[in-house]
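Trainee: To be precise about what I am sending: the file is called entry13.txt and holds compact mmCIF, C-alpha atoms.
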```txt
# COMPACT_ATOMS: atom_id res chain seq x y z
CA MET A 57 29.02 7.78 18.04
CA ASP A 58 25.68 9.01 19.31
CA PRO A 59 22.99 6.55 18.13
CA LYS A 60 20.83 9.31 16.64
CA VAL A 61 23.74 10.73 14.63
CA ASN A 62 24.54 7.20 13.48
CA TYR A 63 20.93 6.60 12.49
CA LEU A 64 20.73 9.89 10.56
CA LEU A 65 23.94 9.03 8.71
CA ARG A 66 22.44 5.67 7.73
CA LEU A 67 19.42 7.44 6.28
CA GLY A 68 21.60 9.93 4.45
CA ASP A 69 24.08 7.32 3.18
CA ASN A 70 21.30 5.13 1.73
CA ALA A 71 19.90 8.08 -0.19
CA LEU A 72 23.30 9.37 -1.31
CA VAL A 73 24.69 6.06 -2.57
CA LEU A 74 21.52 5.30 -4.54
CA SER A 75 21.44 8.85 -5.90
CA GLN A 76 25.04 8.53 -7.09
CA GLN A 77 24.25 5.20 -8.75
CA LEU A 78 21.29 6.71 -10.60
CA CYS A 79 23.34 9.76 -11.61
CA ARG A 80 25.71 7.40 -13.43
CA LEU A 81 22.81 6.57 -15.75
CA CYS A 82 22.14 10.19 -16.64
CA GLY A 83 22.29 10.40 -20.43
CA LYS A 84 22.37 6.59 -20.69
CA GLY A 85 18.78 5.64 -19.86
CA PRO A 86 17.00 3.19 -22.17
CA ALA A 87 14.64 5.96 -23.32
CA LEU A 88 14.55 9.72 -22.90
CA GLU A 89 11.53 9.41 -20.58
CA GLU A 90 13.28 6.86 -18.34
CA ASP A 91 16.47 8.89 -18.35
CA MET A 92 14.72 11.98 -17.03
CA ALA A 93 12.72 9.99 -14.50
CA LEU A 94 15.90 8.42 -13.08
CA SER A 95 17.54 11.82 -12.78
CA ASN A 96 14.46 13.22 -11.05
CA VAL A 97 14.58 10.41 -8.50
CA ALA A 98 18.33 10.89 -8.06
CA LEU A 99 17.82 14.58 -7.35
CA ASP A 100 15.01 13.91 -4.87
CA LEU A 101 17.29 11.51 -3.02
CA LEU A 102 20.18 13.96 -3.05
CA GLY A 103 17.92 16.62 -1.54
CA GLN A 104 16.91 14.20 1.21
CA THR A 105 20.55 13.29 1.82
CA ARG A 106 21.36 16.93 2.49
CA LEU A 107 18.55 17.24 5.05
CA TRP A 108 19.69 14.11 6.95
CA TYR A 109 23.37 15.11 6.85
CA GLU A 110 22.63 18.65 7.90
CA TYR A 111 20.81 17.44 11.00
CA ALA A 112 23.46 14.79 11.74
CA ALA A 113 26.24 17.38 11.47
CA GLU A 114 24.40 19.75 13.81
CA LEU A 115 23.86 17.05 16.44
CA GLU A 116 27.41 15.80 16.11
CA GLY A 117 28.82 19.29 16.60
CA ALA A 118 32.24 18.25 15.34
CA GLY A 119 32.51 20.93 12.69
CA ARG A 120 31.69 18.60 9.79
CA ASP A 121 29.20 19.85 7.24
CA GLU A 122 27.19 17.92 4.65
CA ASP A 123 29.99 18.10 2.03
CA ARG A 124 32.52 16.85 4.55
CA LEU A 125 30.25 13.90 5.36
CA ALA A 126 29.68 13.06 1.69
CA TYR A 127 33.17 13.53 0.31
CA HIS A 128 35.61 12.97 3.16
CA ARG A 129 34.56 9.64 4.60
CA ASP A 130 35.96 6.30 3.47
CA ALA A 131 33.91 3.19 2.66
CA HIS A 132 34.03 1.74 6.20
CA ASP A 133 32.49 4.97 7.54
CA PHE A 134 29.54 4.70 5.16
CA LYS A 135 26.48 3.09 6.71
CA ASN A 136 24.27 2.46 3.68
CA CYS A 137 22.65 -0.94 3.24
CA LEU A 138 24.35 -3.32 0.81
CA LEU A 139 21.35 -3.26 -1.55
CA LEU A 140 22.04 0.32 -2.61
CA GLU A 141 25.65 -0.30 -3.65
CA GLN A 142 24.78 -3.24 -5.93
CA PRO A 143 25.66 -2.44 -9.58
CA ASN A 144 23.18 -0.84 -11.98
CA GLY A 145 23.38 -3.98 -14.15
CA ASN A 146 20.69 -4.12 -16.81
CA TYR A 147 17.51 -2.08 -16.50
CA ALA A 148 15.67 -4.86 -14.68
CA ASP A 149 18.46 -4.88 -12.07
CA THR A 150 18.30 -1.10 -11.73
CA MET A 151 14.53 -1.04 -11.33
CA MET A 152 14.33 -4.05 -9.01
CA ARG A 153 16.94 -2.50 -6.69
CA GLN A 154 14.87 0.67 -6.83
CA PHE A 155 11.63 -1.15 -6.16
CA TYR A 156 12.95 -3.07 -3.14
CA PHE A 157 14.36 0.17 -1.75
CA ASP A 158 11.38 2.39 -2.58
CA THR A 159 8.96 0.00 -0.88
CA TRP A 160 10.94 0.02 2.35
CA HIS A 161 11.71 3.73 2.03
CA TYR A 162 8.07 4.67 1.59
CA PHE A 163 6.88 2.78 4.67
CA LEU A 164 9.87 4.01 6.67
CA ILE A 165 9.34 7.66 5.75
CA ALA A 166 5.61 7.33 6.41
CA GLY A 167 6.49 5.91 9.86
CA LEU A 168 9.04 8.66 10.50
CA THR A 169 6.38 11.34 10.03
CA HIS A 170 5.18 10.22 13.50
CA SER A 171 8.69 10.35 14.96
CA SER A 172 9.09 11.70 18.49
CA ASP A 173 11.92 13.86 17.07
CA ALA A 174 10.22 16.90 15.53
CA ARG A 175 13.03 17.63 13.07
CA ILE A 176 13.02 14.04 11.77
CA ALA A 177 9.23 14.13 11.48
CA ALA A 178 9.47 17.38 9.50
CA ILE A 179 12.09 15.98 7.09
CA ALA A 180 9.96 12.85 6.64
CA GLU A 181 6.89 14.98 5.97
CA LYS A 182 8.78 16.87 3.28
CA SER A 183 10.11 13.66 1.69
CA LEU A 184 6.89 11.67 1.80
CA LYS A 185 5.41 13.04 -1.45
CA GLU A 186 8.64 12.31 -3.30
CA VAL A 187 8.96 8.76 -2.06
CA THR A 188 5.27 8.12 -2.73
CA TYR A 189 5.90 8.87 -6.38
CA HIS A 190 9.13 6.85 -6.44
CA LEU A 191 7.24 3.81 -5.18
CA ARG A 192 4.44 4.22 -7.70
CA ARG A 193 6.87 4.55 -10.60
CA SER A 194 9.16 1.65 -9.75
CA GLY A 195 6.18 -0.62 -9.00
CA ASP A 196 4.55 0.32 -12.33
CA LEU A 197 7.76 -0.51 -14.18
CA VAL A 198 8.28 -3.83 -12.40
CA VAL A 199 4.76 -4.83 -13.45
CA ARG A 200 5.39 -3.85 -17.09
CA MET A 201 8.73 -5.62 -17.27
CA GLY A 202 7.58 -8.73 -15.38
CA ASP A 203 4.33 -9.04 -17.33
CA GLY A 204 5.95 -7.92 -20.59
CA THR A 205 7.78 -10.07 -23.11
CA ALA A 206 9.40 -13.44 -22.43
CA ILE A 207 12.80 -11.74 -22.35
CA SER A 208 11.78 -8.91 -20.02
CA HIS A 209 10.05 -11.39 -17.72
CA ALA A 210 13.16 -13.58 -17.50
CA LYS A 211 15.44 -10.61 -16.79
CA THR A 212 13.10 -9.15 -14.18
CA GLN A 213 12.73 -12.49 -12.40
CA ALA A 214 16.51 -12.93 -12.44
CA ALA A 215 16.95 -9.45 -10.95
CA ALA A 216 14.31 -10.15 -8.28
CA ASP A 217 16.09 -13.39 -7.29
CA ALA A 218 19.62 -11.98 -7.38
CA LEU A 219 18.84 -8.90 -5.26
CA TRP A 220 16.55 -10.71 -2.80
CA MET A 221 19.35 -11.53 -0.36
CA TYR A 222 20.08 -7.80 -0.03
CA SER A 223 16.46 -6.87 0.65
CA GLY A 224 16.39 -7.96 4.31
CA GLU A 225 19.17 -5.84 5.79
CA VAL A 226 16.86 -2.87 6.32
CA PHE A 227 14.82 -5.03 8.71
CA THR A 228 17.84 -6.39 10.59
CA TYR A 229 17.96 -4.03 13.55
CA ASP A 230 21.07 -3.58 15.67
CA ALA A 231 21.62 -1.62 18.89
CA VAL A 232 21.40 1.71 17.06
CA ASP A 233 18.06 0.86 15.45
CA HIS A 234 16.64 -0.50 18.69
CA ALA A 235 17.67 2.68 20.53
CA MET A 236 15.72 4.65 17.92
CA VAL A 237 12.64 2.44 18.28
CA ASP A 238 12.80 2.67 22.09
CA ALA A 239 12.94 6.46 21.89
CA GLY A 240 9.94 6.54 19.59
CA ILE A 241 12.09 8.02 16.83
CA ALA A 242 11.87 5.18 14.28
CA PRO A 243 9.22 2.53 13.48
CA PRO A 244 9.88 -1.10 14.52
CA ALA A 245 11.30 -3.61 12.02
CA ASP A 246 8.49 -6.18 12.12
CA GLU A 247 5.89 -3.53 11.27
CA LEU A 248 7.93 -2.33 8.26
CA ARG A 249 8.68 -5.86 7.13
CA THR A 250 5.01 -6.86 7.16
CA GLN A 251 4.12 -3.81 5.05
CA TRP A 252 7.06 -4.42 2.72
CA LEU A 253 6.22 -8.08 2.13
CA ALA A 254 2.56 -7.29 1.47
CA HIS A 255 3.34 -4.60 -1.11
CA VAL A 256 6.04 -6.62 -2.87
CA ALA A 257 3.70 -9.63 -3.01
CA GLU A 258 0.96 -7.49 -4.56
CA ILE A 259 3.23 -6.01 -7.24
CA PHE A 260 4.87 -9.38 -7.98
CA ALA A 261 1.43 -10.97 -8.46
CA ASP A 262 0.55 -8.27 -11.03
CA ALA A 263 3.96 -8.68 -12.61
CA THR A 264 3.59 -12.51 -12.81
CA LEU A 265 6.85 -12.80 -10.88
CA ALA A 266 7.59 -15.55 -8.37
CA MET A 267 8.41 -14.17 -4.94
CA PRO A 268 11.60 -15.65 -3.45
CA PRO A 269 11.21 -17.39 -0.05
CA LYS A 270 10.49 -15.05 2.86
CA ASP A 271 12.79 -16.93 5.19
CA ALA A 272 15.79 -16.87 2.83
CA TRP A 273 19.17 -16.00 4.32
CA MET A 274 19.87 -12.28 4.13
CA GLN A 275 23.12 -10.38 3.70
CA SER A 276 23.93 -7.66 6.21
CA GLY A 277 26.84 -5.51 7.39
CA GLY A 278 26.43 -2.31 5.41
CA LYS A 279 24.93 -0.42 8.34
CA GLN A 280 28.01 -1.31 10.39
CA GLY A 281 30.42 -0.28 7.61
CA ARG A 282 31.18 -3.76 6.21
CA HIS A 283 30.57 -3.29 2.51
CA THR A 284 30.81 -5.19 -0.75
CA GLU A 285 33.61 -4.29 -3.14
CA HIS A 286 31.26 -2.09 -5.17
CA LEU A 287 31.10 0.78 -2.70
CA GLY A 288 34.79 1.61 -3.05
CA TYR A 289 34.39 2.22 -6.78
CA ILE A 290 31.27 4.32 -6.27
CA LEU A 291 33.02 6.51 -3.71
CA ALA A 292 36.18 6.77 -5.81
CA GLU A 293 34.18 8.35 -8.59
CA MET A 294 31.95 10.45 -6.35
CA GLN A 295 34.72 11.75 -4.13
CA PHE A 296 37.48 12.20 -6.69
CA LEU A 297 37.28 15.96 -6.97
CA GLN A 298 37.30 16.64 -3.22
CA ARG A 299 40.06 14.09 -2.69
CA ALA A 300 42.28 15.52 -5.42
CA TYR A 301 41.48 19.17 -4.71
CA PRO A 302 40.36 19.36 -1.06
CA ASN A 303 37.78 22.06 -0.35
CA ALA A 304 37.52 23.06 -4.01
CA GLN A 305 34.41 25.12 -4.68
CA TRP A 306 32.53 26.14 -7.79
CA MET B 298 0.98 -8.58 -23.74
CA SER B 299 2.55 -10.06 -26.83
CA THR B 300 5.67 -12.17 -26.65
CA GLN B 301 7.06 -10.26 -29.60
CA LEU B 302 9.40 -7.36 -28.83
CA SER B 303 7.87 -4.28 -30.35
CA LYS B 304 10.51 -1.87 -31.57
CA GLU B 305 9.04 1.33 -30.19
CA TRP B 306 6.63 2.34 -27.49
CA PRO B 307 3.61 4.17 -28.94
CA LEU B 308 3.62 7.95 -29.10
CA TRP B 309 1.45 9.96 -26.71
CA GLU B 310 0.49 13.62 -26.86
CA VAL B 311 0.65 15.42 -23.52
CA PHE B 312 -1.68 18.16 -22.31
CA ILE B 313 -1.04 20.02 -19.08
CA ARG B 314 -3.25 22.37 -17.11
CA SER B 315 -0.95 24.90 -15.50
CA GLN B 316 -3.40 26.25 -12.93
CA HIS B 317 -6.97 25.85 -11.85
CA GLY B 318 -9.40 27.55 -14.16
CA LEU B 319 -7.23 27.30 -17.25
CA ALA B 320 -7.69 24.74 -19.99
CA HIS B 321 -5.26 21.90 -20.64
CA LYS B 322 -2.67 22.94 -23.18
CA HIS B 323 -0.66 20.79 -25.54
CA VAL B 324 2.95 20.75 -24.35
CA GLY B 325 4.57 18.02 -26.41
CA SER B 326 4.75 14.29 -26.86
CA LEU B 327 6.53 11.26 -25.45
CA HIS B 328 6.79 7.49 -25.73
CA ALA B 329 5.28 5.08 -23.20
CA PRO B 330 4.09 1.46 -23.21
CA ASP B 331 0.60 2.30 -21.91
CA ALA B 332 -1.59 5.11 -20.58
CA GLU B 333 -0.57 4.80 -16.93
CA MET B 334 3.13 4.96 -17.76
CA ALA B 335 2.44 7.82 -20.15
CA VAL B 336 1.08 9.85 -17.23
CA ASN B 337 4.14 8.94 -15.14
CA ASN B 338 6.48 9.87 -17.96
CA ALA B 339 4.63 13.12 -18.63
CA ARG B 340 5.07 14.01 -14.98
CA ASP B 341 8.80 13.33 -15.22
CA VAL B 342 9.40 15.01 -18.57
CA TYR B 343 6.99 17.96 -18.57
CA THR B 344 6.29 19.00 -14.96
CA ARG B 345 9.80 19.22 -13.54
CA ARG B 346 9.53 22.98 -13.00
CA ASN B 347 6.18 23.06 -11.33
CA GLU B 348 4.28 23.53 -14.58
CA GLY B 349 1.12 21.62 -13.86
CA VAL B 350 -1.82 20.66 -11.69
CA SER B 351 -3.32 18.15 -14.13
CA ILE B 352 -2.09 15.93 -16.95
CA TRP B 353 -3.94 14.47 -19.91
CA VAL B 354 -2.33 12.00 -22.26
CA VAL B 355 -3.82 10.72 -25.48
CA ARG B 356 -2.42 8.31 -28.02
CA ALA B 357 -1.15 10.35 -30.96
CA ALA B 358 -2.71 7.76 -33.27
CA ASP B 359 -6.16 8.52 -31.81
CA ILE B 360 -6.09 12.19 -32.71
CA VAL B 361 -8.10 13.04 -35.81
CA ALA B 362 -6.71 16.15 -37.49
CA SER B 363 -8.06 18.41 -40.20
CA SER B 364 -6.18 18.25 -43.43
CA PRO B 365 -4.04 21.25 -44.44
CA SER B 366 -5.59 21.12 -47.91
CA ASP B 367 -9.03 21.77 -46.38
CA LYS B 368 -7.82 25.05 -44.90
CA GLY B 369 -9.70 27.22 -47.39
CA ALA B 370 -13.03 25.48 -47.15
CA LEU B 371 -12.90 25.12 -43.37
CA PHE B 372 -11.63 28.47 -42.22
CA GLU B 373 -11.83 31.18 -44.87
CA PRO B 374 -15.63 31.60 -44.80
CA ALA B 375 -15.27 32.88 -41.22
CA ASN B 376 -12.84 35.62 -42.27
CA SER B 377 -15.46 38.02 -43.56
CA LYS B 378 -17.87 37.71 -40.61
CA VAL B 379 -16.61 40.27 -38.12
CA TYR B 380 -20.02 40.40 -36.43
CA ARG B 381 -19.24 37.00 -34.90
CA HIS B 382 -16.58 38.56 -32.69
CA PRO B 383 -18.01 39.76 -29.37
CA THR B 384 -15.87 42.90 -29.40
CA PHE B 385 -18.65 45.22 -28.23
CA PHE B 386 -18.88 43.88 -24.67
CA PRO B 387 -16.69 45.66 -22.09
CA MET B 388 -14.96 43.12 -19.85
CA PRO B 389 -14.39 43.96 -16.17
CA GLU B 390 -10.72 44.22 -15.16
CA GLU B 391 -11.09 41.49 -12.54
CA VAL B 392 -12.04 38.83 -15.04
CA LYS B 393 -8.77 37.26 -16.09
CA ASN B 394 -8.07 34.40 -18.46
CA LEU B 395 -11.13 34.82 -20.61
```
What does the file become when written as structure tokens?

Mentor:
Amino acid sequence: MDPKVNYLLRLGDNALVLSQQLCRLCGKGPALEEDMALSNVALDLLGQTRLWYEYAAELEGAGRDEDRLAYHRDAHDFKNCLLLEQPNGNYADTMMRQFYFDTWHYFLIAGLTHSSDARIAAIAEKSLKEVTYHLRRSGDLVVRMGDGTAISHAKTQAAADALWMYSGEVFTYDAVDHAMVDAGIAPPADELRTQWLAHVAEIFADATLAMPPKDAWMQSGGKQGRHTEHLGYILAEMQFLQRAYPNAQW
Amino acid sequence: MSTQLSKEWPLWEVFIRSQHGLAHKHVGSLHAPDAEMAVNNARDVYTRRNEGVSIWVVRAADIVASSPSDKGALFEPANSKVYRHPTFFPMPEEVKNL
């Protein structure tokens, strides 16, 4: 597969899998305000997914459209990072997953606005305002939950520790990522990681959370299609309709 | 913050200015743990359809309201004073929102 198509699918798959996870919480948020905020974020991510898929499908030229890419690929064809497929858990888990992702996503999208690929730069430009708000909101919530009650602090710290090993995959570049960096399409990993660590450290300090060790061992494999068991269940629910009634429209 | 779990977040009243030049207008209320989150929540609950350019939030508990039983004393004396209405000034067509 062409590295650029592969890279675009990774961007789209990250956004789609997280969007689907957040959609599962629609109507089940801990408060009306949180419920609507989660759905807003989910819809932003779904919109971004469509832009990445649309471009990937055009470049691929194999007659697949965005729906085909979303609903007719199996787990091993999905290239999202493992972090995004981790379960919603309790609200601290949901928001910590979001915060780890949003921090990387924000710096990535900001970097992609300077991409040598004009279409990618334009999509990043369009997404930047959305992801700026996502980052602000999830950081604000992590601070409130970390520096909240004894119970919320304990749950938030537990979520931070449990998800930490999934936070490094986005900085683990393979041949596809390196090809993108060499072509000036994507920002380098070390630059993103430095920005990510600095922002997480700042928010964790405000949240009175202990930051797990920077050199901890990190999980990886999602980008290459090696997923945890969770993704299969997510796709089963998301793809059911198109699997049972192929090409159904409404 | 306290180590006690409070049952409910405080209530906030939300005011949104829909475009430049107009005043902020009360649009509803919401719950939030503090002012910053109240602004975030107001953005998510009340500006989803492009309604606003500015948000104010104020704790509902901080609003001082007139009492319904004072209605007569407060407002009725103004009823009979038509000369207070500036109805004799023609307004140019171009001046909107006044």

Trainee: Tell me as a list of chain:residue names which residues belonging to chain A come within 6 Å of chain B, counting all atoms listed in the file.

Mentor: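 Close to chain B, chain A has A:Glu89, A:Ala93, A:Gly204, A:Thr205, A:Ala206.
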
Trainee: Can you write out the residues you just picked, keeping C-alpha atoms, as a PDB file, in the frame of the given file?

Mentor:
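As written to disk, result_1.pdb reads:
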```pdb
ATOM      1  CA  GLU A  89      11.530   9.410 -20.580  1.00  0.00           C
ATOM      2  CA  ALA A  93      12.720   9.990 -14.500  1.00  0.00           C
ATOM      3  CA  GLY A 204       5.950  -7.920 -20.590  1.00  0.00           C
ATOM      4  CA  THR A 205       7.780 -10.070 -23.110  1.00  0.00           C
ATOM      5  CA  ALA A 206       9.400 -13.440 -22.430  1.00  0.00           C
TER       6      ALA A 206
END
```

Trainee: Grab the atom CA of A:Ser95 to atom CA of A:Leu64 distance for me, in Å with one decimal place.

Mentor: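 Taking atom CA of A:Ser95 and atom CA of A:Leu64, their separation equals 23.6 Å.
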
Trainee: Can you work out the spacing between atom CA of A:Ala148 and atom CA of A:Ser223 in Å, to one decimal?

Mentor: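 Distance reported for this atom pair: 15.5 Å.
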
Trainee: Which distance in Å separates atom CA of A:Ile290 and atom CA of A:Phe134, to one decimal?

Mentor: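 Rounded to one decimal, the two atoms are 11.6 Å apart.
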
Trainee: If you count only C-alpha atoms, which residues fall within 9 Å of A:Ser194, apart from same-chain ones fewer than 3 positions away, as a PyMOL selection string?

Mentor: chain A and resi 151-152+154-156+158+189-191+197-199

Trainee: Please identify all polymer residues within 12 Å of A:Asn146, counting only C-alpha atoms, omitting same-chain residues fewer than 2 positions from it, and present them as number ranges by chain.

Mentor: A: 81, 84-86, 142-144, 148-153, 208, 211-212, 214-215

Trainee: Excluding stretch 113-120 of chain A and its own-chain neighbours fewer than 5 positions away, which residues fall within 8 Å of it when counting only C-alpha atoms? Please give them as a ChimeraX atom specification.

Mentor: /A:58,61,125

Trainee: May I have the residues within 12 Å of B:Ala320 as a list in words, using all atoms listed in the file and disregarding those fewer than 5 positions away in the same chain?

Mentor: Phe312, Ile313, Arg314, Ser315, Gly349, Val350, Ser351, Ile352, Trp353, Asn394 and Leu395 of chain B

Trainee: Next, write the just-selected residues to a file, as a PDB file, keeping the file's coordinate frame, keeping C-alpha atoms as the atom set.

Mentor:
```
ATOM      1  CA  PHE B 312      -1.680  18.160 -22.310  1.00  0.00           C
ATOM      2  CA  ILE B 313      -1.040  20.020 -19.080  1.00  0.00           C
ATOM      3  CA  ARG B 314      -3.250  22.370 -17.110  1.00  0.00           C
ATOM      4  CA  SER B 315      -0.950  24.900 -15.500  1.00  0.00           C
ATOM      5  CA  GLY B 349       1.120  21.620 -13.860  1.00  0.00           C
ATOM      6  CA  VAL B 350      -1.820  20.660 -11.690  1.00  0.00           C
ATOM      7  CA  SER B 351      -3.320  18.150 -14.130  1.00  0.00           C
ATOM      8  CA  ILE B 352      -2.090  15.930 -16.950  1.00  0.00           C
ATOM      9  CA  TRP B 353      -3.940  14.470 -19.910  1.00  0.00           C
ATOM     10  CA  ASN B 394      -8.070  34.400 -18.460  1.00  0.00           C
ATOM     11  CA  LEU B 395     -11.130  34.820 -20.610  1.00  0.00           C
TER      12      LEU B 395
END
```

Trainee: Give me, as a PDB file with C-alpha atoms, in the frame of the given file, all polymer residues having an atom no more than 7 Å from stretch 66-71 of chain A, counting all atoms listed in the file and skipping those fewer than 4 positions away in the same chain.

Mentor:
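Generated output (out11.pdb):
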```
ATOM      1  CA  ASN A  62      24.540   7.200  13.480  1.00  0.00           C
ATOM      2  CA  SER A  75      21.440   8.850  -5.900  1.00  0.00           C
ATOM      3  CA  LEU A 101      17.290  11.510  -3.020  1.00  0.00           C
ATOM      4  CA  LEU A 102      20.180  13.960  -3.050  1.00  0.00           C
ATOM      5  CA  GLN A 104      16.910  14.200   1.210  1.00  0.00           C
ATOM      6  CA  THR A 105      20.550  13.290   1.820  1.00  0.00           C
ATOM      7  CA  TRP A 108      19.690  14.110   6.950  1.00  0.00           C
ATOM      8  CA  TYR A 109      23.370  15.110   6.850  1.00  0.00           C
ATOM      9  CA  PHE A 134      29.540   4.700   5.160  1.00  0.00           C
ATOM     10  CA  LYS A 135      26.480   3.090   6.710  1.00  0.00           C
ATOM     11  CA  ASN A 136      24.270   2.460   3.680  1.00  0.00           C
ATOM     12  CA  CYS A 137      22.650  -0.940   3.240  1.00  0.00           C
ATOM     13  CA  LEU A 140      22.040   0.320  -2.610  1.00  0.00           C
ATOM     14  CA  LYS A 279      24.930  -0.420   8.340  1.00  0.00           C
TER      15      LYS A 279
END
```
